[in-house]
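The data block below is work38.txt; it holds compact mmCIF, C-alpha atoms.
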# COMPACT_ATOMS: atom_id res chain seq x y z
CA MET A 1 65.20 96.26 145.71
CA SER A 2 63.16 96.80 142.57
CA ARG A 3 66.12 98.63 141.03
CA GLN A 4 68.36 95.63 141.66
CA THR A 5 65.76 93.30 140.17
CA SER A 6 65.52 95.35 137.02
CA GLN A 7 69.32 95.44 136.70
CA ARG A 8 69.45 91.67 136.72
CA ARG A 9 67.03 91.34 133.82
CA ASP A 10 68.79 90.49 130.55
CA LEU A 11 68.99 93.28 128.03
CA SER A 12 67.60 92.73 124.54
CA SER A 13 70.00 92.28 121.64
CA TRP A 14 68.97 95.69 120.35
CA ALA A 15 69.75 97.31 123.71
CA ILE A 16 73.16 95.60 123.73
CA PHE A 17 74.12 96.37 120.16
CA ARG A 18 72.38 99.61 119.24
CA ILE A 19 75.23 101.97 120.15
CA PRO A 20 78.00 99.78 118.64
CA VAL A 21 75.91 99.36 115.46
CA VAL A 22 75.29 103.11 115.12
CA VAL A 23 78.99 103.84 115.72
CA ALA A 24 79.97 101.19 113.16
CA ILE A 25 77.58 102.54 110.50
CA LEU A 26 78.74 106.14 111.04
CA SER A 27 82.39 104.99 110.91
CA LEU A 28 81.84 103.17 107.62
CA ILE A 29 80.02 106.15 106.07
CA GLY A 30 82.91 108.37 107.20
CA LEU A 31 85.60 106.02 105.88
CA VAL A 32 83.98 105.64 102.47
CA GLY A 33 82.69 109.22 102.22
CA ALA A 34 86.14 110.73 102.72
CA LEU A 35 87.41 108.43 99.97
CA LEU A 36 84.68 109.39 97.51
CA ASP A 37 85.01 113.14 97.71
CA ASP A 38 87.43 115.82 98.83
CA GLY A 39 86.94 119.11 100.63
CA ALA A 40 83.90 119.03 102.91
CA TRP A 41 83.78 115.24 102.86
CA ASP A 42 87.27 115.06 104.36
CA TRP A 43 85.89 116.86 107.39
CA ILE A 44 82.54 115.03 107.41
CA GLY A 45 84.34 111.70 107.11
CA SER A 46 86.70 112.55 109.97
CA GLY A 47 83.75 113.80 112.03
CA LEU A 48 81.82 110.57 111.53
CA LEU A 49 84.86 108.45 112.38
CA ALA A 50 85.46 110.65 115.44
CA VAL A 51 82.11 109.47 116.84
CA ALA A 52 83.92 106.26 117.94
CA VAL A 53 86.40 108.32 119.95
CA VAL A 54 83.72 110.64 121.37
CA VAL A 55 81.55 107.69 122.47
CA THR A 56 84.57 106.09 124.16
CA VAL A 57 85.39 109.27 126.08
CA TRP A 58 81.72 109.68 127.00
CA ALA A 59 81.56 106.11 128.32
CA LEU A 60 84.80 106.49 130.28
CA ILE A 61 83.44 109.61 131.98
CA VAL A 62 79.74 108.88 132.38
CA ARG A 63 79.49 105.10 132.58
CA ARG A 64 82.59 104.77 134.72
CA ARG A 65 81.06 106.96 137.38
CA ARG A 66 77.71 105.19 137.31
CA ALA A 67 79.13 101.73 137.82
CA THR A 68 78.67 100.36 141.32
CA MET B 1 72.98 81.60 123.86
CA LYS B 2 73.69 78.10 125.14
CA THR B 3 76.69 77.52 127.38
CA ARG B 4 78.20 75.10 124.85
CA THR B 5 77.87 77.68 122.06
CA ILE B 6 79.50 80.34 124.22
CA ARG B 7 82.36 77.95 125.00
CA ALA B 8 82.90 77.23 121.32
CA TRP B 9 83.02 80.94 120.42
CA THR B 10 85.27 81.60 123.41
CA TRP B 11 87.68 78.96 122.09
CA VAL B 12 87.64 80.59 118.64
CA HIS B 13 88.18 84.06 120.10
CA LYS B 14 90.95 82.91 122.43
CA TRP B 15 93.02 81.05 119.85
CA SER B 16 92.50 83.38 116.91
CA SER B 17 93.68 86.20 119.19
CA LEU B 18 96.52 84.37 120.92
CA VAL B 19 98.13 83.15 117.73
CA SER B 20 98.04 86.56 116.07
CA THR B 21 98.47 89.01 118.99
CA VAL B 22 102.26 89.41 118.84
CA PHE B 23 102.19 90.08 115.10
CA LEU B 24 99.16 92.36 115.32
CA LEU B 25 100.92 94.32 118.06
CA MET B 26 103.96 94.69 115.81
CA LEU B 27 101.66 95.88 112.98
CA CYS B 28 99.90 98.39 115.24
CA VAL B 29 103.14 99.76 116.73
CA THR B 30 104.90 100.10 113.38
CA GLY B 31 101.70 101.34 111.74
CA LEU B 32 101.43 104.27 114.16
CA PRO B 33 104.40 106.27 112.77
CA LEU B 34 103.68 105.02 109.25
CA VAL B 35 100.33 106.85 109.33
CA PHE B 36 102.35 110.08 109.49
CA THR B 37 105.02 109.04 106.97
CA HIS B 38 104.52 112.13 104.82
CA GLU B 39 104.75 114.52 107.77
CA ILE B 40 107.71 112.73 109.39
CA GLU B 41 109.68 112.58 106.14
CA GLU B 42 109.02 116.27 105.55
CA VAL B 43 110.70 116.98 108.88
CA LEU B 44 113.51 114.42 108.55
CA LEU B 45 114.33 115.01 104.90
CA HIS B 46 113.40 118.63 104.41
CA GLN B 47 116.07 120.65 102.63
CA ALA B 48 115.54 124.01 101.05
CA TRP B 49 115.95 123.20 97.38
CA THR B 50 115.32 124.90 94.10
CA PRO B 51 115.92 123.42 90.67
CA ALA B 52 119.16 124.50 88.98
CA ASN B 53 117.40 126.21 86.06
CA PRO B 54 113.81 126.87 87.14
CA GLU B 55 112.96 128.67 83.90
CA GLY B 56 115.21 126.55 81.70
CA ARG B 57 114.35 123.81 79.25
CA ARG B 58 113.67 120.47 80.86
CA LEU B 59 115.62 117.40 79.92
CA ASP B 60 113.59 114.83 78.06
CA LEU B 61 113.00 111.49 79.71
CA ASP B 62 115.64 109.68 77.63
CA GLN B 63 118.25 112.18 78.85
CA VAL B 64 117.09 111.78 82.46
CA LEU B 65 117.30 107.99 82.15
CA ALA B 66 120.77 108.14 80.58
CA THR B 67 121.94 110.47 83.37
CA ALA B 68 120.62 108.12 86.06
CA LEU B 69 122.15 105.01 84.49
CA SER B 70 125.52 106.74 84.02
CA ARG B 71 125.70 107.00 87.83
CA HIS B 72 125.04 103.27 88.23
CA PRO B 73 126.71 101.65 85.21
CA GLY B 74 125.25 98.27 84.36
CA ASP B 75 121.97 98.92 86.14
CA VAL B 76 118.70 97.97 84.50
CA PRO B 77 115.90 100.56 84.76
CA ALA B 78 112.80 99.36 86.58
CA PHE B 79 110.57 102.39 87.20
CA MET B 80 110.39 106.09 86.60
CA SER B 81 108.05 108.32 88.61
CA PHE B 82 107.34 112.03 88.67
CA ASP B 83 107.12 114.45 91.60
CA GLU B 84 103.98 116.55 91.53
CA ASP B 85 105.29 119.73 93.14
CA ARG B 86 108.83 120.02 91.75
CA PRO B 87 110.51 119.28 88.40
CA VAL B 88 112.04 116.03 89.60
CA VAL B 89 112.01 112.63 87.96
CA ASN B 90 112.72 109.61 90.16
CA VAL B 91 114.55 106.75 88.49
CA THR B 92 114.53 103.32 90.12
CA SER B 93 117.06 100.85 88.78
CA ARG B 94 118.74 97.67 89.91
CA ALA B 95 121.93 95.77 89.19
CA PRO B 96 121.20 92.54 87.29
CA ASP B 97 122.73 90.45 90.08
CA ALA B 98 121.22 92.43 92.98
CA PRO B 99 119.12 90.52 95.52
CA ALA B 100 115.34 90.80 95.23
CA GLY B 101 114.07 94.15 96.41
CA ALA B 102 117.49 95.88 96.23
CA TYR B 103 117.02 98.98 94.11
CA ASN B 104 118.87 102.22 93.43
CA PHE B 105 116.54 105.20 93.73
CA GLN B 106 117.65 108.52 92.23
CA PRO B 107 115.65 111.75 92.26
CA ILE B 108 116.96 113.83 89.34
CA ASP B 109 116.47 117.54 88.69
CA GLN B 110 114.84 117.61 85.27
CA THR B 111 116.16 121.12 84.62
CA SER B 112 119.82 120.13 84.99
CA GLY B 113 120.33 116.41 85.49
CA TYR B 114 121.80 117.03 88.94
CA ALA B 115 120.79 114.86 91.86
CA ALA B 116 117.84 116.27 93.78
CA PRO B 117 117.32 115.68 97.52
CA LEU B 118 115.09 112.83 98.62
CA VAL B 119 111.67 113.83 99.87
CA ALA B 120 110.59 110.27 100.57
CA GLY B 121 112.22 107.08 101.67
CA HIS B 122 113.97 107.98 104.94
CA PRO B 123 115.84 104.85 106.10
CA VAL B 124 113.97 104.69 109.43
CA MET B 125 110.57 104.91 107.72
CA GLU B 126 111.67 102.40 105.08
CA PHE B 127 112.73 100.01 107.85
CA LEU B 128 109.38 100.38 109.61
CA LEU B 129 107.50 99.96 106.33
CA GLN B 130 109.30 96.78 105.43
CA LEU B 131 108.88 95.36 108.93
CA HIS B 132 105.19 96.21 108.69
CA THR B 133 104.84 94.80 105.17
CA ASP B 134 106.76 91.52 105.21
CA MET B 135 109.09 91.44 108.27
CA PHE B 136 112.01 91.35 105.78
CA LEU B 137 110.88 87.92 104.60
CA GLY B 138 109.57 88.87 101.17
CA LEU B 139 106.43 87.20 99.83
CA PRO B 140 106.27 84.49 102.54
CA GLY B 141 106.37 87.24 105.17
CA MET B 142 103.60 89.17 103.44
CA LEU B 143 101.39 86.11 103.13
CA PHE B 144 102.05 85.16 106.75
CA LEU B 145 100.97 88.63 107.90
CA GLY B 146 97.92 88.26 105.64
CA ALA B 147 97.05 85.07 107.52
CA MET B 148 97.45 86.98 110.79
CA GLY B 149 95.05 89.58 109.36
CA LEU B 150 92.51 86.85 108.66
CA LEU B 151 92.87 85.67 112.27
CA LEU B 152 92.20 89.26 113.33
CA VAL B 153 88.93 89.20 111.37
CA VAL B 154 88.00 85.89 113.06
CA ALA B 155 88.87 87.37 116.47
CA VAL B 156 86.72 90.46 115.80
CA VAL B 157 83.74 88.43 114.59
CA SER B 158 83.95 86.02 117.54
CA GLY B 159 84.41 89.01 119.84
CA VAL B 160 81.18 90.54 118.54
CA VAL B 161 79.35 87.24 119.13
CA LEU B 162 80.71 87.02 122.69
CA TYR B 163 79.94 90.68 123.39
CA ALA B 164 76.23 89.87 123.80
CA PRO B 165 76.47 87.35 126.66
CA PHE B 166 79.08 89.47 128.44
CA MET B 167 76.99 92.63 128.16
CA ARG B 168 73.53 91.19 128.70
CA ARG B 169 73.22 92.84 132.12
CA LEU B 170 75.48 95.84 131.64
CA PRO B 171 74.52 99.08 129.90
CA PHE B 172 76.81 99.96 127.00
CA GLY B 173 80.16 101.35 128.05
CA THR B 174 79.98 100.31 131.68
CA VAL B 175 83.39 100.24 133.34
CA ARG B 176 83.22 98.64 136.77
CA ALA B 177 86.02 100.74 138.20
CA ASP B 178 85.54 99.49 141.75
CA LYS B 179 85.91 95.83 140.84
CA ALA B 180 89.05 93.70 140.48
CA ALA B 181 91.57 94.63 137.81
CA ARG B 182 90.50 91.70 135.63
CA THR B 183 86.86 92.88 135.57
CA ARG B 184 87.91 96.46 134.93
CA TRP B 185 90.12 95.48 131.99
CA LEU B 186 87.41 93.22 130.60
CA ASP B 187 85.14 96.28 130.52
CA TYR B 188 87.81 98.39 128.79
CA HIS B 189 88.39 95.55 126.31
CA ASN B 190 84.66 95.30 125.54
CA LEU B 191 84.13 99.05 125.28
CA LEU B 192 87.07 99.67 122.95
CA GLY B 193 86.32 96.54 120.95
CA ALA B 194 82.69 97.60 120.45
CA VAL B 195 83.43 101.11 119.19
CA THR B 196 86.33 100.18 116.91
CA VAL B 197 84.74 97.16 115.18
CA ALA B 198 84.10 98.85 111.83
CA TRP B 199 87.48 100.56 111.64
CA VAL B 200 89.43 97.46 112.71
CA LEU B 201 87.57 95.31 110.17
CA VAL B 202 88.19 97.80 107.34
CA VAL B 203 91.88 98.19 108.19
CA GLY B 204 92.25 94.43 108.78
CA VAL B 205 90.53 93.28 105.59
CA THR B 206 92.27 95.88 103.41
CA GLY B 207 95.56 94.88 105.05
CA VAL B 208 94.91 91.27 104.03
CA VAL B 209 94.16 92.39 100.46
CA ASN B 210 97.40 94.40 100.43
CA THR B 211 99.40 91.34 101.44
CA LEU B 212 98.12 89.72 98.23
CA ALA B 213 99.57 92.51 96.07
CA THR B 214 102.33 90.34 94.59
CA PRO B 215 100.10 87.41 93.55
CA ILE B 216 97.38 89.82 92.36
CA ILE B 217 99.82 91.66 90.08
CA ALA B 218 101.35 88.35 88.95
CA TYR B 219 97.88 87.03 88.07
CA TRP B 220 97.11 90.24 86.17
CA LYS B 221 100.32 89.83 84.19
CA ASP B 222 99.63 86.15 83.49
CA THR B 223 96.05 86.67 82.36
CA ALA B 224 95.03 90.16 81.27
CA LEU B 225 98.45 90.97 79.79
CA LYS B 226 99.11 87.54 78.31
CA ASP B 227 97.21 88.15 75.06
CA LEU B 228 99.15 91.34 74.49
CA THR B 229 102.48 89.55 74.60
CA ALA B 230 101.48 86.53 72.51
CA ALA B 231 102.86 88.05 69.33
CA TYR B 232 106.35 88.50 70.79
CA ASP B 233 109.00 85.82 70.95
CA ALA B 234 111.97 87.22 72.88
CA PRO B 235 112.23 89.98 75.49
CA VAL B 236 113.26 93.31 74.03
CA ALA B 237 116.92 94.02 74.76
CA ALA B 238 117.95 97.38 76.22
CA GLY B 239 119.71 98.37 72.99
CA GLU B 240 116.61 97.77 70.89
CA ARG B 241 114.33 100.05 72.84
CA ALA B 242 112.50 102.95 71.25
CA SER B 243 112.62 106.43 72.77
CA LEU B 244 111.13 106.51 76.28
CA ASP B 245 110.15 110.16 75.93
CA ALA B 246 108.25 109.48 72.72
CA ALA B 247 106.60 106.45 74.32
CA VAL B 248 105.30 108.52 77.23
CA LYS B 249 104.04 111.25 74.87
CA ARG B 250 102.27 108.57 72.81
CA ALA B 251 100.64 107.19 75.95
CA GLN B 252 99.56 110.68 77.07
CA ALA B 253 97.91 111.20 73.69
CA ALA B 254 95.97 107.96 74.17
CA LEU B 255 94.71 108.98 77.63
CA PRO B 256 94.05 112.73 77.50
CA GLY B 257 93.08 114.40 80.76
CA MET B 258 94.67 111.75 82.94
CA GLN B 259 97.65 112.36 85.20
CA LEU B 260 100.99 110.67 84.48
CA GLN B 261 102.01 108.61 87.51
CA PHE B 262 104.89 106.30 86.63
CA VAL B 263 106.52 104.20 83.95
CA ALA B 264 107.33 100.52 84.40
CA PHE B 265 110.16 99.39 82.14
CA PRO B 266 110.14 96.14 80.14
CA GLY B 267 110.83 93.16 82.37
CA SER B 268 109.89 94.88 85.63
CA SER B 269 106.91 94.01 87.76
CA TYR B 270 103.88 96.00 86.49
CA SER B 271 104.98 95.50 82.88
CA THR B 272 105.72 92.83 80.31
CA ASP B 273 109.06 91.94 78.73
CA HIS B 274 108.04 93.87 75.62
CA HIS B 275 106.39 97.10 76.74
CA TYR B 276 106.85 100.35 78.47
CA ALA B 277 103.82 100.37 80.77
CA VAL B 278 102.91 104.02 81.28
CA PHE B 279 100.55 104.43 84.22
CA PHE B 280 98.04 107.22 84.67
CA HIS B 281 95.58 108.07 87.40
CA GLY B 282 92.45 110.20 87.52
CA ASP B 283 92.08 113.44 89.44
CA THR B 284 89.05 112.73 91.62
CA PRO B 285 89.57 111.24 95.11
CA VAL B 286 88.57 107.74 93.99
CA THR B 287 90.15 107.75 90.54
CA THR B 288 93.40 109.06 92.05
CA HIS B 289 93.84 105.53 93.38
CA MET B 290 92.69 103.84 90.17
CA ILE B 291 95.56 103.43 87.76
CA THR B 292 95.25 102.78 84.05
CA PRO B 293 98.26 101.66 82.02
CA ALA B 294 98.93 102.38 78.38
CA LEU B 295 101.26 99.77 76.96
CA ILE B 296 103.77 101.03 74.44
CA ASP B 297 105.66 98.54 72.29
CA ALA B 298 109.23 98.99 73.49
CA ARG B 299 110.68 98.11 70.06
CA THR B 300 108.55 100.34 67.85
CA GLY B 301 107.20 102.96 70.24
CA ASP B 302 103.67 102.26 68.99
CA LEU B 303 100.66 102.12 71.27
CA ALA B 304 99.94 98.43 71.88
CA ALA B 305 96.93 98.80 74.17
CA VAL B 306 95.22 100.76 76.87
CA ALA B 307 94.57 98.12 79.48
CA PRO B 308 92.08 99.19 82.19
CA MET B 309 92.74 97.29 85.38
CA PRO B 310 90.44 94.36 86.16
CA TRP B 311 88.26 94.41 89.31
CA TYR B 312 90.79 92.59 91.48
CA VAL B 313 93.53 95.14 90.78
CA LYS B 314 91.01 97.96 91.41
CA THR B 315 90.16 96.29 94.72
CA LEU B 316 93.87 96.28 95.58
CA SER B 317 94.14 99.95 94.57
CA LEU B 318 91.23 100.95 96.82
CA SER B 319 92.53 98.82 99.69
CA GLN B 320 95.68 100.88 99.96
CA PRO B 321 94.18 104.23 101.05
CA LEU B 322 91.61 102.47 103.24
CA HIS B 323 94.47 100.69 105.02
CA PHE B 324 96.90 103.63 105.24
CA GLY B 325 94.33 106.34 106.14
CA ASP B 326 96.15 108.88 103.99
CA TYR B 327 93.22 110.12 101.94
CA GLY B 328 91.33 112.52 104.18
CA GLY B 329 93.83 115.04 105.51
CA LEU B 330 95.56 115.35 108.86
CA ALA B 331 92.35 115.03 110.90
CA LEU B 332 91.73 111.57 109.48
CA LYS B 333 95.33 110.59 110.16
CA ILE B 334 95.03 111.67 113.80
CA LEU B 335 91.86 109.58 114.16
CA TRP B 336 93.69 106.67 112.50
CA ALA B 337 96.40 107.00 115.15
CA LEU B 338 93.89 107.18 118.03
CA LEU B 339 92.05 104.10 116.79
CA ASP B 340 95.38 102.35 116.32
CA VAL B 341 96.24 103.09 119.97
CA ALA B 342 92.79 101.81 120.99
CA THR B 343 93.56 98.59 119.09
CA ILE B 344 96.86 98.25 120.95
CA VAL B 345 94.95 98.57 124.25
CA ILE B 346 92.47 95.91 123.07
CA LEU B 347 95.30 93.52 122.18
CA VAL B 348 97.25 94.07 125.40
CA SER B 349 94.14 93.86 127.59
CA GLY B 350 93.10 90.66 125.82
CA LEU B 351 96.50 89.16 126.55
CA TYR B 352 96.29 90.33 130.16
CA LEU B 353 92.80 88.82 130.57
CA TRP B 354 94.04 85.47 129.27
CA LEU B 355 97.06 85.51 131.59
CA ALA B 356 94.97 86.56 134.59
CA LYS B 357 92.47 83.78 133.91
CA ARG B 358 95.25 81.21 133.64
CA ARG B 359 96.86 82.43 136.84
CA ARG B 360 93.54 82.19 138.65
CA ALA B 361 92.85 78.74 137.28
CA GLY B 362 96.37 77.58 138.16

Since I need it in another form, could you write the structure as structure tokens?
Amino acid sequence: MSRQTSQRRDLSSWAIFRIPVVVAILSLIGLVGALLDDGAWDWIGSGLLAVAVVVTVWALIVRRRRAT
Amino acid sequence: MKTRTIRAWTWVHKWSSLVSTVFLLMLCVTGLPLVFTHEIEEVLLHQAWTPANPEGRRLDLDQVLATALSRHPGDVPAFMSFDEDRPVVNVTSRAPDAPAGAYNFQPIDQTSGYAAPLVAGHPVMEFLLQLHTDMFLGLPGMLFLGAMGLLLVVAVVSGVVLYAPFMRRLPFGTVRADKAARTRWLDYHNLLGAVTVAWVLVVGVTGVVNTLATPIIAYWKDTALKDLTAAYDAPVAAGERASLDAAVKRAQAALPGMQLQFVAFPGSSYSTDHHYAVFFHGDTPVTTHMITPALIDARTGDLAAVAPMPWYVKTLSLSQPLHFGDYGGLALKILWALLDVATIVILVSGLYLWLAKRRRAG
């Protein structure tokens, strides 16, 4: 019962947006970083942009199972 | 957020998406193979080729130009570009009465004058590129797609605003797999939309900037280059032109350490009626995309000016790699493709959600 009550409470804006904001910031750093330098930054940039894909896969595996 | 505010943003999201979805889908579908243009053309166009006289003396640029024009008598030269990894000069020319955009493109072996095989410009990729760029409608098509890009930005911004009320009781990434299809696809739509926001905005905004390439270059010619042409009265005729080879050498002397990229002939876009515009780029990742022209008086062969590009042309130059995703190796291209597919899912799911809602309401 208490679990259901807590699930109904509205999340804060920070709780709603924190993961999308972090993914967006890392994506932008990756996009610009790979443009500014070659070599290692090509890989770092791709790695940072890949966070969006990794988070999606994580959500589809973990959050899909949790949903009831 | 008040119900009325949510309704207003929902209206903005719905219509900005609905109007643009078909065109954005076309852009995403055609953009997918275009990300791998270099790799695909290597497969489709690859021919084992060696120059006729690898150790021999190279033809000068005037000889290359004369060779190219002899194969298309009457053509007017427009551009000349240089392959980086083989001694090949590409000459682009057009017949004076040819329709806009109809060019003859000839790769020429600089060691012999023979035709060299194409390594770019496969017809299928050219078709996809033109569909993606202007839908074969020229400038109006480009500007129309730019407007669709602006609607995409509006749809993304309104989507972010609406994300909060939809997700206020759901942890990030929740997919209610046991619910009705409409709920499930809403969750996929929200998840993919949330993680791709930055990439979609960057690709969308740079795409809009790219659609303005023609007016941006026209403005540059009408303003920054105008002073340089004030002293001239009539366009320089083909027979009055100074040596192209000497003009390029003069330009290289004015910009030591920079890489020769291409030459725009008098009267072509990217030049004036009076100059050879010889374009160079830097050799760092950013300056590779920043071009600097040296203008050579086409009558005298003298250096008229080195004209660094203004901020709006630099913005256009930087928008191209950020839109195409071709600046960070194959890994970045693969991510570009995955995010492109994610965008296709967002667009299709958005359309499905609208149809499902209408069906339910009806």

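The spacing separating atom CA of B:Lys221 from atom CA of A:Leu36 amounts to 28.4 Å.
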
With all atoms listed in the file considered, list every residue of chain B at most 6 Å from chain A, as a list in words.
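Taken together, these residues fit the definition: Arg168, Arg169, Gly173, Thr174, Val175, Arg176, Ala194, Val195, Ala198, Pro285, Val286, Gly328 and Leu332 of chain B.
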
So how far away is atom CA of B:Val203 from atom CA of B:Pro308, in Å?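 Atom-to-atom, atom CA of B:Pro308 to atom CA of B:Val203, that is 26.0 Å.
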
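Take atom CA of B:His281 and atom CA of B:Ala254: the distance between them is 13.2 Å.
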
**OP:** Tell me, as a PyMOL selection string, which residues lie within 10 Å of B:Leu25, counting only C-alpha atoms; anything in the same chain fewer than 2 positions away does not count.
**Re:** chain B and resi 20-23+27-31+340+343-348

Excluding B:Phe144 and its own-chain neighbours fewer than 4 positions away, which residues fall within 9 Å of it when counting all atoms listed in the file? Please give them as a PDB file with C-alpha atoms, in the frame of the given file.
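Listing of out29.pdb after writing:
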ATOM      1  CA  ASP B 134     106.760  91.520 105.210  1.00  0.00           C
ATOM      2  CA  LEU B 139     106.430  87.200  99.830  1.00  0.00           C
ATOM      3  CA  PRO B 140     106.270  84.490 102.540  1.00  0.00           C
ATOM      4  CA  MET B 148      97.450  86.980 110.790  1.00  0.00           C
ATOM      5  CA  GLY B 149      95.050  89.580 109.360  1.00  0.00           C
ATOM      6  CA  THR B 211      99.400  91.340 101.440  1.00  0.00           C
TER       7      THR B 211
END

- Which protein, DNA or RNA residues have an atom at most 10 Å from (108.2, 106.2, 102.9), counting only C-alpha atoms? List them as a list in words.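 Applying the cut-off with only C-alpha atoms, one gets Leu34, Phe36, Thr37, His38, Ile40, Glu41, Val119, Ala120, Gly121, His122, Pro123, Val124, Met125, Glu126, Phe127, Leu128, Leu129 and Gln130 of chain B.
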
Could you turn the residues from that selection into a file that holds C-alpha atoms, as a tab-separated table (two decimals), in the frame of the given file?
chain	number	residue	atom	x	y	z
B	34	LEU	CA	103.68	105.02	109.25
B	36	PHE	CA	102.35	110.08	109.49
B	37	THR	CA	105.02	109.04	106.97
B	38	HIS	CA	104.52	112.13	104.82
B	40	ILE	CA	107.71	112.73	109.39
B	41	GLU	CA	109.68	112.58	106.14
B	119	VAL	CA	111.67	113.83	99.87
B	120	ALA	CA	110.59	110.27	100.57
B	121	GLY	CA	112.22	107.08	101.67
B	122	HIS	CA	113.97	107.98	104.94
B	123	PRO	CA	115.84	104.85	106.10
B	124	VAL	CA	113.97	104.69	109.43
B	125	MET	CA	110.57	104.91	107.72
B	126	GLU	CA	111.67	102.40	105.08
B	127	PHE	CA	112.73	100.01	107.85
B	128	LEU	CA	109.38	100.38	109.61
B	129	LEU	CA	107.50	99.96	106.33
B	130	GLN	CA	109.30	96.78	105.43

Neighbouring residues of B:Leu303 were defined as those with any atom within 9 Å, considering all atoms listed in the file; residues of the same chain fewer than 3 positions away were excluded. Please report them as a count of residues only.
10

Would you pick out the contacts of B:Val161 at 12 Å or less, using only C-alpha atoms, so that residues sharing its chain but fewer than 2 positions from it are not included, and give the list as a PyMOL selection string? (chain A and resi 13+16-17) or (chain B and resi 1+5-10+12-13+154-159+163-168+190+193-194+197)
